[in-house]
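Participant: Sending over upload_17.csv (CSV, C-alpha atoms and all ligand atoms).
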chain,number,residue,atom,x,y,z
A,12,MET,CA,72.1,113.1,126.1
A,13,LEU,CA,72.6,115.0,122.9
A,14,ARG,CA,72.4,112.8,119.8
A,15,GLN,CA,73.6,113.5,116.3
A,16,PRO,CA,70.5,113.6,114.1
A,17,LYS,CA,70.5,110.4,112.1
A,18,THR,CA,70.9,110.9,108.4
A,19,PRO,CA,69.9,108.1,106.1
A,20,LEU,CA,73.5,107.4,105.2
A,21,SER,CA,75.1,107.6,108.6
A,22,ASP,CA,74.4,104.0,109.6
A,23,LEU,CA,74.9,101.5,106.8
A,24,THR,CA,75.0,97.8,106.5
A,25,VAL,CA,76.1,96.2,103.2
A,26,LEU,CA,76.3,92.7,101.9
A,27,GLY,CA,79.4,92.2,99.7
A,28,LEU,CA,80.0,89.4,97.1
A,29,GLU,CA,83.3,88.5,95.6
A,30,SER,CA,83.9,85.9,92.8
A,31,SER,CA,86.5,87.4,90.4
A,32,CYS,CA,89.2,84.8,90.8
A,33,ASP,CA,89.5,81.6,92.9
A,34,ASP,CA,87.8,82.7,96.1
A,35,THR,CA,84.0,82.5,96.5
A,36,ALA,CA,83.3,85.1,99.2
A,37,ALA,CA,80.5,87.0,100.9
A,38,ALA,CA,80.5,89.3,103.9
A,39,VAL,CA,78.4,91.8,105.8
A,40,VAL,CA,80.0,95.1,106.9
A,41,ARG,CA,78.3,97.7,109.1
A,42,ASP,CA,79.4,101.3,109.7
A,43,CYS,CA,77.8,103.5,112.2
A,44,THR,CA,78.8,107.1,112.9
A,45,GLY,CA,81.2,107.5,115.7
A,46,GLU,CA,82.2,103.8,115.8
A,47,PRO,CA,84.8,101.9,113.9
A,48,PRO,CA,83.3,99.8,111.0
A,49,GLU,CA,82.4,96.3,111.9
A,50,ILE,CA,82.9,93.1,109.8
A,51,MET,CA,79.8,91.3,111.0
A,52,SER,CA,80.6,88.2,109.0
A,53,SER,CA,83.1,87.1,106.3
A,54,VAL,CA,82.8,83.8,104.5
A,55,VAL,CA,85.5,82.7,102.1
A,56,PHE,CA,85.3,79.4,100.2
A,57,GLY,CA,88.8,78.8,98.6
A,58,GLN,CA,89.3,76.7,95.5
A,59,THR,CA,93.0,75.8,95.9
A,60,ASP,CA,92.3,72.0,95.8
A,61,LEU,CA,90.2,72.3,92.7
A,62,HIS,CA,93.0,73.9,90.7
A,63,ALA,CA,96.0,72.1,92.4
A,64,ASP,CA,96.6,69.6,89.5
A,65,PHE,CA,96.7,72.3,86.9
A,66,GLY,CA,99.5,74.6,88.0
A,67,GLY,CA,97.1,77.6,87.9
A,68,VAL,CA,93.5,78.7,88.1
A,69,VAL,CA,91.3,77.1,85.4
A,70,PRO,CA,88.7,79.7,84.6
A,71,GLU,CA,85.9,77.2,83.8
A,72,ILE,CA,86.5,75.2,87.0
A,73,ALA,CA,86.5,78.5,88.9
A,74,ALA,CA,83.3,79.7,87.3
A,75,ARG,CA,81.5,76.5,88.0
A,76,ALA,CA,82.6,76.5,91.7
A,77,HIS,CA,81.4,80.1,92.1
A,78,VAL,CA,78.0,79.2,90.6
A,79,GLU,CA,77.7,76.3,93.1
A,80,LYS,CA,78.8,78.1,96.2
A,81,LEU,CA,78.3,81.9,96.0
A,82,ASP,CA,74.6,81.8,97.0
A,83,LEU,CA,75.6,79.5,100.0
A,84,ALA,CA,78.4,82.0,100.9
A,85,ALA,CA,75.9,84.9,100.8
A,86,GLU,CA,73.3,82.9,102.9
A,87,GLU,CA,76.0,82.0,105.4
A,88,ALA,CA,77.3,85.5,105.7
A,89,LEU,CA,73.8,86.9,106.4
A,90,HIS,CA,73.2,84.0,108.9
A,91,ARG,CA,76.5,84.7,110.8
A,92,ALA,CA,75.7,88.4,110.9
A,93,GLY,CA,72.3,87.5,112.3
A,94,LEU,CA,70.5,89.5,109.6
A,95,ALA,CA,67.9,88.9,106.9
A,96,LEU,CA,68.5,90.2,103.4
A,97,SER,CA,65.7,92.8,104.1
A,98,GLU,CA,67.9,94.3,106.9
A,99,VAL,CA,70.9,95.3,104.7
A,100,ASP,CA,71.0,98.7,103.0
A,101,ALA,CA,72.7,97.6,99.8
A,102,ILE,CA,74.2,94.7,97.9
A,103,ALA,CA,77.7,95.2,96.6
A,104,VAL,CA,79.3,92.9,94.1
A,105,THR,CA,82.6,92.7,92.2
A,106,ALA,CA,81.8,93.6,88.6
A,107,GLY,CA,85.4,93.3,87.4
A,108,PRO,CA,88.3,93.0,86.6
A,109,GLY,CA,88.7,89.3,86.8
A,110,LEU,CA,87.9,85.9,85.2
A,111,ILE,CA,84.7,86.7,83.4
A,112,GLY,CA,82.8,83.5,84.3
A,113,GLY,CA,83.3,84.1,88.0
A,114,VAL,CA,82.5,87.8,87.8
A,115,LEU,CA,79.4,87.0,85.8
A,116,SER,CA,78.1,84.6,88.4
A,117,GLY,CA,78.6,87.2,91.1
A,118,VAL,CA,76.8,89.9,89.1
A,119,MET,CA,73.9,87.6,88.2
A,120,LEU,CA,73.4,86.6,91.8
A,121,ALA,CA,73.6,90.2,93.1
A,122,LYS,CA,71.1,91.3,90.5
A,123,GLY,CA,68.7,88.5,91.5
A,124,LEU,CA,69.1,89.4,95.2
A,125,SER,CA,68.6,93.1,94.4
A,126,ALA,CA,65.5,92.5,92.3
A,127,GLY,CA,64.0,90.1,94.8
A,128,SER,CA,64.6,92.3,97.8
A,129,GLY,CA,64.3,95.8,96.3
A,130,LYS,CA,67.7,96.6,97.8
A,131,PRO,CA,70.1,98.9,95.9
A,132,LEU,CA,72.8,97.2,93.8
A,133,ILE,CA,76.4,98.6,93.5
A,134,GLY,CA,79.0,97.2,91.1
A,135,ILE,CA,82.5,97.3,92.6
A,136,ASN,CA,85.9,97.4,91.0
A,137,HIS,CA,87.8,94.5,92.7
A,138,LEU,CA,90.9,96.7,92.9
A,139,ALA,CA,89.0,99.4,94.7
A,140,GLY,CA,88.0,96.7,97.2
A,141,HIS,CA,91.7,96.0,97.9
A,142,ALA,CA,92.7,99.7,97.7
A,143,LEU,CA,90.0,100.9,100.3
A,144,THR,CA,90.6,98.1,102.8
A,145,PRO,CA,93.1,100.1,104.9
A,146,ARG,CA,90.2,102.5,105.7
A,147,LEU,CA,88.2,99.6,106.9
A,148,THR,CA,91.0,98.1,109.1
A,149,ASP,CA,92.8,101.2,110.2
A,150,GLY,CA,90.5,104.2,109.5
A,151,ILE,CA,93.1,106.1,107.5
A,152,GLY,CA,92.2,109.3,105.7
A,153,PHE,CA,92.9,110.3,102.1
A,154,PRO,CA,95.2,110.5,100.2
A,155,TYR,CA,97.5,107.5,100.7
A,156,LEU,CA,99.8,105.4,98.5
A,157,MET,CA,98.8,101.7,98.1
A,158,LEU,CA,101.0,99.0,96.7
A,159,LEU,CA,98.8,96.2,95.6
A,160,VAL,CA,100.9,93.1,95.1
A,161,SER,CA,99.3,89.7,94.7
A,162,GLY,CA,99.1,86.7,92.3
A,163,GLY,CA,97.1,88.7,89.8
A,164,HIS,CA,97.9,92.3,90.5
A,165,CYS,CA,100.9,94.6,90.9
A,166,GLN,CA,100.4,98.4,90.9
A,167,PHE,CA,100.9,101.6,92.8
A,168,LEU,CA,97.8,103.5,93.4
A,169,LEU,CA,97.5,107.0,94.8
A,170,VAL,CA,94.1,106.7,96.5
A,171,GLU,CA,92.4,110.1,96.7
A,172,SER,CA,88.8,109.2,97.4
A,173,PRO,CA,86.6,106.1,97.1
A,174,ASP,CA,86.1,106.9,93.5
A,175,LYS,CA,89.4,108.7,92.6
A,176,TYR,CA,92.6,106.8,91.9
A,177,HIS,CA,95.8,107.7,90.2
A,178,ARG,CA,97.9,104.7,89.0
A,179,LEU,CA,101.6,105.6,89.2
A,180,GLY,CA,102.8,102.4,87.6
A,181,GLY,CA,102.7,98.6,87.8
A,182,THR,CA,103.9,95.4,86.2
A,183,ILE,CA,104.1,95.2,82.5
A,184,ASP,CA,104.0,91.4,82.5
A,185,ASP,CA,103.7,89.0,85.4
A,186,ALA,CA,102.5,89.9,88.9
A,187,PRO,CA,105.1,89.0,91.6
A,188,GLY,CA,102.9,86.3,93.1
A,189,GLU,CA,102.6,84.7,89.7
A,190,ALA,CA,106.5,84.9,89.5
A,191,PHE,CA,106.8,83.2,92.9
A,192,ASP,CA,104.4,80.5,91.9
A,193,LYS,CA,106.2,79.8,88.6
A,194,THR,CA,109.6,79.8,90.4
A,195,ALA,CA,108.2,77.2,92.8
A,196,LYS,CA,107.0,75.1,89.9
A,197,LEU,CA,110.4,75.3,88.1
A,198,LEU,CA,112.1,74.1,91.3
A,199,GLY,CA,109.6,71.4,92.2
A,200,LEU,CA,108.3,73.2,95.3
A,201,ARG,CA,104.7,73.1,96.4
A,202,GLN,CA,102.0,75.6,95.5
A,203,PRO,CA,101.2,78.4,96.3
A,204,GLY,CA,104.8,79.2,95.5
A,205,GLY,CA,105.3,82.3,97.7
A,206,PRO,CA,105.4,80.7,101.1
A,207,ALA,CA,107.4,77.7,99.7
A,208,VAL,CA,110.0,79.9,98.1
A,209,GLN,CA,110.2,82.1,101.2
A,210,ALA,CA,110.8,79.1,103.4
A,211,MET,CA,113.5,77.7,101.1
A,212,ALA,CA,115.2,81.1,100.8
A,213,GLU,CA,115.8,81.3,104.6
A,214,THR,CA,119.1,79.4,104.5
A,215,GLY,CA,120.1,80.6,101.0
A,216,ASP,CA,122.8,83.0,99.6
A,217,PRO,CA,120.9,85.7,97.8
A,218,ASP,CA,124.0,86.8,95.9
A,219,ARG,CA,125.2,83.6,94.4
A,220,PHE,CA,123.5,83.9,91.0
A,221,GLY,CA,123.4,87.6,90.4
A,222,PHE,CA,119.8,87.7,89.2
A,223,PRO,CA,118.8,90.8,87.2
A,224,ARG,CA,116.8,93.7,88.7
A,225,PRO,CA,114.5,94.4,85.7
A,226,MET,CA,113.6,97.9,84.8
A,227,LEU,CA,115.4,99.6,87.6
A,228,ASP,CA,117.5,101.4,85.0
A,229,ARG,CA,114.3,102.9,83.6
A,230,PRO,CA,112.6,105.9,85.1
A,231,GLY,CA,109.1,105.6,86.6
A,232,CYS,CA,107.3,103.1,88.6
A,233,ASP,CA,106.6,100.4,86.0
A,234,MET,CA,108.0,96.9,86.7
A,235,SER,CA,108.7,93.6,85.0
A,236,PHE,CA,109.0,90.2,86.6
A,237,SER,CA,108.9,87.7,83.7
A,238,GLY,CA,112.7,88.1,82.9
A,239,LEU,CA,113.6,87.1,86.4
A,240,LYS,CA,111.8,83.8,86.0
A,241,THR,CA,113.8,83.2,82.8
A,242,ALA,CA,117.0,84.0,84.6
A,243,LEU,CA,116.1,81.5,87.3
A,244,LEU,CA,115.3,78.8,84.7
A,245,ARG,CA,118.7,79.4,83.0
A,246,ALA,CA,120.5,79.1,86.4
A,247,ARG,CA,118.6,76.0,87.2
A,248,ASP,CA,119.4,74.3,83.9
A,249,GLY,CA,123.0,75.3,84.1
A,250,LEU,CA,123.3,73.6,87.5
A,251,ILE,CA,121.5,70.5,86.3
A,252,ALA,CA,123.9,70.3,83.2
A,253,GLU,CA,126.9,70.8,85.4
A,254,GLN,CA,126.1,68.5,88.4
A,255,GLY,CA,123.3,66.3,87.1
A,256,GLY,CA,120.7,67.7,89.6
A,257,LEU,CA,120.0,70.3,92.3
A,258,ARG,CA,121.2,70.0,95.8
A,259,ARG,CA,119.1,71.5,98.6
A,260,GLU,CA,121.7,74.2,99.0
A,261,ASP,CA,121.2,75.1,95.3
A,262,LEU,CA,117.5,75.4,95.8
A,263,ALA,CA,118.0,77.6,98.8
A,264,ASP,CA,120.4,79.9,96.9
A,265,LEU,CA,118.1,80.1,93.8
A,266,CYS,CA,115.1,81.0,96.0
A,267,ALA,CA,117.0,83.5,98.1
A,268,GLY,CA,118.4,85.2,94.9
A,269,PHE,CA,115.0,85.3,93.3
A,270,GLN,CA,113.3,86.7,96.5
A,271,ARG,CA,116.0,89.3,97.0
A,272,ALA,CA,115.6,90.5,93.4
A,273,VAL,CA,111.8,90.8,93.7
A,274,ALA,CA,112.2,92.7,97.0
A,275,ASP,CA,114.9,95.0,95.5
A,276,VAL,CA,112.7,95.9,92.5
A,277,LEU,CA,109.5,96.5,94.6
A,278,ALA,CA,111.4,98.5,97.3
A,279,GLU,CA,113.1,100.8,94.8
A,280,LYS,CA,109.9,101.3,92.8
A,281,SER,CA,108.0,101.9,96.0
A,282,HIS,CA,110.6,104.5,96.9
A,283,ARG,CA,110.0,106.3,93.6
A,284,ALA,CA,106.2,105.9,93.9
A,285,LEU,CA,106.3,107.6,97.3
A,286,ALA,CA,108.4,110.5,95.9
A,287,GLU,CA,106.0,110.9,93.0
A,288,ALA,CA,102.9,110.6,95.2
A,289,ARG,CA,104.3,113.3,97.5
A,290,GLN,CA,104.7,115.8,94.6
A,291,GLY,CA,101.9,118.4,95.0
A,292,GLY,CA,98.5,117.7,96.4
A,293,ALA,CA,97.7,117.0,100.0
A,294,PRO,CA,100.2,115.2,102.2
A,295,LEU,CA,100.0,111.4,102.3
A,296,THR,CA,98.5,109.8,105.3
A,297,ALA,CA,100.1,106.4,104.9
A,298,PHE,CA,102.0,103.9,102.8
A,299,CYS,CA,99.8,100.8,102.5
A,300,VAL,CA,100.3,97.4,101.0
A,301,ALA,CA,97.8,94.7,100.2
A,302,GLY,CA,97.7,91.3,98.3
A,303,GLY,CA,99.1,87.9,99.1
A,304,VAL,CA,102.7,88.8,98.4
A,305,ALA,CA,102.6,91.4,101.1
A,306,ALA,CA,102.9,88.4,103.5
A,307,ASN,CA,106.5,88.0,102.3
A,308,THR,CA,108.7,88.7,105.3
A,309,GLU,CA,111.7,90.0,103.4
A,310,LEU,CA,109.6,92.3,101.2
A,311,ARG,CA,107.6,93.5,104.2
A,312,ALA,CA,110.7,94.4,106.2
A,313,ARG,CA,111.9,96.5,103.2
A,314,LEU,CA,108.6,98.3,102.9
A,315,VAL,CA,108.3,99.0,106.6
A,316,ALA,CA,111.8,100.5,106.5
A,317,LEU,CA,110.8,102.7,103.5
A,318,ALA,CA,107.7,104.0,105.3
A,319,GLU,CA,109.8,104.8,108.3
A,320,GLU,CA,112.3,106.6,106.2
A,321,ALA,CA,109.5,108.6,104.6
A,322,ASN,CA,108.0,109.3,108.1
A,323,LEU,CA,104.7,107.7,107.1
A,324,PRO,CA,102.6,105.1,108.9
A,325,PHE,CA,102.9,101.7,107.3
A,326,VAL,CA,99.5,100.0,107.0
A,327,ALA,CA,99.1,96.4,105.9
A,328,PRO,CA,95.7,94.9,106.6
A,329,PRO,CA,95.7,91.4,108.2
A,330,LEU,CA,96.3,88.7,105.6
A,331,SER,CA,92.7,87.5,105.6
A,332,LEU,CA,91.7,91.0,104.4
A,333,CYS,CA,94.8,91.5,102.2
A,334,THR,CA,93.8,88.5,100.0
A,335,ASP,CA,90.5,88.2,98.2
A,336,ASN,CA,87.4,88.5,100.5
A,337,GLY,CA,83.9,89.7,100.6
A,338,ALA,CA,84.4,92.3,103.4
A,339,MET,CA,86.5,94.5,101.1
A,340,ILE,CA,83.7,94.5,98.5
A,341,ALA,CA,81.1,95.3,101.1
A,342,TRP,CA,83.3,98.1,102.5
A,343,ALA,CA,83.9,99.6,99.1
A,344,GLY,CA,80.2,99.3,98.4
A,345,LEU,CA,79.5,101.1,101.7
A,346,GLU,CA,81.9,104.0,100.9
A,347,LEU,CA,80.6,104.4,97.3
A,348,PHE,CA,76.9,104.1,98.4
A,349,ARG,CA,77.6,107.1,100.7
A,350,LEU,CA,78.9,109.0,97.7
A,351,GLY,CA,75.7,108.3,95.8
A,352,HIS,CA,76.9,105.5,93.6
A,353,ARG,CA,74.2,103.0,92.5
A,354,SER,CA,74.1,100.4,89.7
A,355,ASN,CA,71.1,99.1,87.9
A,356,MET,CA,70.1,96.0,86.1
A,357,SER,CA,72.3,96.9,83.2
A,358,LEU,CA,75.4,96.4,85.4
A,359,SER,CA,77.8,94.2,83.3
A,360,ALA,CA,80.7,92.0,84.2
A,361,ARG,CA,84.0,93.4,83.0
A,362,PRO,CA,87.1,91.3,82.5
A,363,ARG,CA,89.1,94.5,82.4
A,364,TRP,CA,88.4,97.6,84.3
A,365,PRO,CA,91.3,100.0,85.1
A,366,LEU,CA,90.7,102.0,88.3
A,367,ASP,CA,92.4,105.0,86.8
A,368,THR,CA,90.6,105.6,83.6
A,369,SER,CA,93.1,108.3,82.6
A,370,GLN,CA,95.7,105.6,82.0
A,371,PRO,CA,95.9,103.1,79.2
A,372,ALA,CA,94.9,99.6,80.2
A,373,LEU,CA,97.8,97.2,80.6
A,374,LEU,CA,98.8,94.5,78.2
A,375,GLY,CA,98.3,90.8,78.7
A,376,SER,CA,96.5,88.5,80.9
A,377,GLY,CA,97.9,86.7,83.9
A,378,LYS,CA,97.5,83.2,85.1
A,379,LYS,CA,94.9,84.5,87.5
A,380,GLY,CA,93.0,86.4,84.8
A,381,ALA,CA,93.1,89.7,83.0
A,382,LYS,CA,95.3,92.3,84.4
A,383,ALA,CA,93.7,95.6,85.2
C,1,LIG,O1,96.1,88.1,97.0
C,1,LIG,P1,96.2,86.6,96.8
C,1,LIG,O2,95.8,85.6,97.8
C,1,LIG,O3,95.4,86.1,95.5
C,1,LIG,C1,95.4,86.8,94.3
C,1,LIG,O4,96.4,86.8,93.6
C,1,LIG,O5,94.3,87.4,94.1
C,1,LIG,O6,97.7,86.3,96.4
C,1,LIG,C2,98.2,85.0,96.2
C,1,LIG,C3,99.6,85.1,95.8
C,1,LIG,C4,100.2,83.8,95.3
C,1,LIG,O7,100.8,83.9,94.1
C,1,LIG,C5,101.2,83.4,96.4
C,1,LIG,O8,102.3,82.6,96.0
C,1,LIG,C6,101.6,84.8,96.9
C,1,LIG,O9,100.4,85.5,96.9
C,1,LIG,N1,102.1,84.7,98.3
C,1,LIG,C7,103.4,85.0,98.6
C,1,LIG,C8,103.6,84.7,100.0
C,1,LIG,N2,102.4,84.3,100.5
C,1,LIG,C9,101.5,84.2,99.4
C,1,LIG,N3,104.4,85.4,97.9
C,1,LIG,C10,105.6,85.6,98.5
C,1,LIG,N4,105.8,85.4,99.8
C,1,LIG,C11,104.9,84.9,100.6
C,1,LIG,N5,105.1,84.7,101.9
C,2,ZN,ZN,92.5,90.4,94.4
Show me, as structure tokens, the structure contained in the file I just sent.
Facilitator:
Amino acid sequence: MLRQPKTPLSDLTVLGLESSCDDTAAAVVRDCTGEPPEIMSSVVFGQTDLHADFGGVVPEIAARAHVEKLDLAAEEALHRAGLALSEVDAIAVTAGPGLIGGVLSGVMLAKGLSAGSGKPLIGINHLAGHALTPRLTDGIGFPYLMLLVSGGHCQFLLVESPDKYHRLGGTIDDAPGEAFDKTAKLLGLRQPGGPAVQAMAETGDPDRFGFPRPMLDRPGCDMSFSGLKTALLRARDGLIAEQGGLRREDLADLCAGFQRAVADVLAEKSHRALAEARQGGAPLTAFCVAGGVAANTELRARLVALAEEANLPFVAPPLSLCTDNGAMIAWAGLELFRLGHRSNMSLSARPRWPLDTSQPALLGSGKKGAKA
């Protein structure tokens, strides 16, 4: 049997560490020529309970939990993969953007592991981890359009290679997940707000309150979600003043109206981003979506329809790989390692780190940390 000569970079196994927000995660990913990549293990320790009483992620609590658990996550990931650290080819770690305490604990651990084992170290942009996941799960080629929509992020990225991204637009204030969470809080629903608002919206009338569609009247792909939350607050207070409280039907209508407005904005801006991404350059291979809000059924149906209309495959990684995890960092590390990227002991933790360095960094900082 004829065999491809094995080049040093054809078969790679990478350990990935993620600690930039409220998930402490580690994973081992292997990629061998001619076979689909394999997630050999993926360990995620969530922190939802630790932050539950505070209505958002508390950076100090998050950082301490990462320090306590990240080494255990790494050990467990290696154990489940059946590998010793000496058997991986590289150690990839989220080096930003995110909550600095958490990012720092990841970078410090990765440096320690790298120094102790002699394995190469690669600092990964967390957003690149999300953006490259459709290649891990679905093997798609470049270029593709990615809508990243979570509790901390909201942006359109034209992904041209593992180290080349063009940011077409994004939120100028809240991320949609953050807006869902705040809406749930205003209406006394449980956290995380997205699933709670979605469930309540099922029986509601989305047109009752006429919520705004911020920034649809402006050209381009930038978005804003903080005004929607204010509109919802006003509608809620109006109802309370009028009737002395909220009926279940009111809650359903408020949730349905809010969800429809978010979906309308994201769908219209996705339509524009697709048109922009298709101008010039190589044809797109897919329209991809990642992040926790991608789980929203109304939004997802709209995005699927858009992709169909644009005659493009719609790729949404499974939710466990859409939300923060170590496998996406290991995979991004693997792809960048192949391109020759390496970090050294001067790798620093960056609270902000735009993927597309030709664009100005965004303003503000979200509940879940600095926006990229
Ligand atoms: O990606 P993710 O797990 O964490 C980061 O933000 O990094 O996203 C979590 C966000 C939360 O704000 C949550 O409310 C939202 O995703 N989410 C949803 C749904 N499921 C989760 N938002 C709308 N509809 C959903 N079904
Ligand atoms: Zn993330």
Participant: Go through A:Val273, A:Leu257, A:Ala301, A:Leu198 one by one, measure the shortest atom-to-atom distance of each to ligand ZN 2 (chain C) using all atoms listed in the file, and give the residue with the smallest value.
Facilitator: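 The answer is A:Ala301, which sits nearest to ligand ZN 2 (chain C).
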Participant: Let me see if you get this right: every residue at most 6 Å from ligand LIG 1 (chain C), counting all atoms listed in the file, written as a PyMOL selection string.
Facilitator: chain A and resi 161-163+188-189+191-192+203-206+209+302-304+306-307+334-335
Participant: To one decimal place in Å, what is the distance between atom CA of A:Ala95 and atom CA of A:Leu124?
Facilitator: 11.8 Å
Participant: All residues within 10 Å of ligand ZN 2 (chain C) are required, counting all atoms listed in the file; please report them as a list in words.
Facilitator: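 Residues lying within 10 Å of ligand ZN 2 (chain C): Glu29, Ser30, Ser31, Cys32, Asp33, Asp34, Pro108, Gly109, His137, Leu138, Ala139, Gly140, His141, Ala142, Leu159, Val160, Ser161, Gly162, Gly163, His164, Ala301, Gly302, Gly303, Cys333, Thr334, Asp335, Asn336, Met339 and Lys379 of chain A.
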Participant: Would you mind listing what lies within 12 Å of stretch 288-295 of chain A as a PyMOL selection string, with all atoms listed in the file counted and same-chain residues fewer than 3 positions away left out?
Facilitator: chain A and resi 151-158+167-171+176-180+231-232+280-285+298-299+318+321-325
Participant: Looking at all atoms listed in the file, which of A:His62, A:Lys240, A:Lys80, A:His90 is the one that sits closest to A:Leu26?
Facilitator: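 Among A:His62, A:Lys240, A:Lys80, A:His90, it is A:His90 that comes nearest to A:Leu26.
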Participant: Starting from the point (85.8, 82.8, 85.2), work out which residues of protein, DNA or RNA have an atom no more than 6 Å away when counting all atoms listed in the file; state them as a JSON list (two decimals) with C-alpha atoms, in the frame of the given file.
Facilitator:
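Result written to out-v4.json:
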[["chain", "number", "residue", "atom", "x", "y", "z"],
["A", 70, "PRO", "CA", 88.70, 79.70, 84.60],
["A", 71, "GLU", "CA", 85.90, 77.20, 83.80],
["A", 73, "ALA", "CA", 86.50, 78.50, 88.90],
["A", 74, "ALA", "CA", 83.30, 79.70, 87.30],
["A", 110, "LEU", "CA", 87.90, 85.90, 85.20],
["A", 111, "ILE", "CA", 84.70, 86.70, 83.40],
["A", 112, "GLY", "CA", 82.80, 83.50, 84.30],
["A", 113, "GLY", "CA", 83.30, 84.10, 88.00]]
Participant: For atom CA of A:Lys122 and atom CA of A:Pro365, quote the distance in Å rounded to one decimal.
Facilitator: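 Atom CA of A:Pro365 lies 22.6 Å from atom CA of A:Lys122.
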Participant: Given all atoms listed in the file as the basis, pick out the residue of A:Ala85, A:Ala190, A:Ile135, A:Ala341 nearest to A:Thr105.
Facilitator: A:Ile135
Participant: Kindly output stretch 298-303 of chain A as a short mmCIF file (atom, residue, chain, number, x, y, z; two decimals), in the coordinates of the input, after building all heavy atoms.
Facilitator:
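File part37.cif, as written:
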data_model
loop_
_atom_site.label_atom_id
_atom_site.label_comp_id
_atom_site.auth_asym_id
_atom_site.auth_seq_id
_atom_site.Cartn_x
_atom_site.Cartn_y
_atom_site.Cartn_z
N PHE A 298 101.54 104.78 103.87
CA PHE A 298 102.00 103.90 102.80
C PHE A 298 101.35 102.53 103.11
O PHE A 298 101.61 101.95 104.17
CB PHE A 298 103.51 103.81 102.78
CG PHE A 298 104.06 102.84 101.76
CD1 PHE A 298 103.45 102.67 100.52
CD2 PHE A 298 105.20 102.10 102.03
CE1 PHE A 298 103.97 101.78 99.58
CE2 PHE A 298 105.73 101.22 101.09
CZ PHE A 298 105.10 101.05 99.86
N CYS A 299 100.50 102.06 102.20
CA CYS A 299 99.80 100.80 102.50
C CYS A 299 100.15 99.73 101.49
O CYS A 299 100.52 100.02 100.35
CB CYS A 299 98.26 101.06 102.30
SG CYS A 299 97.64 102.43 103.24
N VAL A 300 100.01 98.50 101.93
CA VAL A 300 100.30 97.40 101.00
C VAL A 300 99.19 96.33 101.22
O VAL A 300 98.68 96.14 102.32
CB VAL A 300 101.71 96.84 101.31
CG1 VAL A 300 101.88 96.39 102.73
CG2 VAL A 300 102.08 95.73 100.36
N ALA A 301 98.80 95.72 100.11
CA ALA A 301 97.80 94.70 100.20
C ALA A 301 98.09 93.59 99.14
O ALA A 301 98.87 93.83 98.21
CB ALA A 301 96.39 95.24 99.93
N GLY A 302 97.49 92.44 99.27
CA GLY A 302 97.70 91.30 98.30
C GLY A 302 98.56 90.25 99.02
O GLY A 302 99.29 90.54 99.97
N GLY A 303 98.45 89.04 98.51
CA GLY A 303 99.10 87.90 99.10
C GLY A 303 100.61 88.02 99.29
O GLY A 303 101.19 87.57 100.27
#
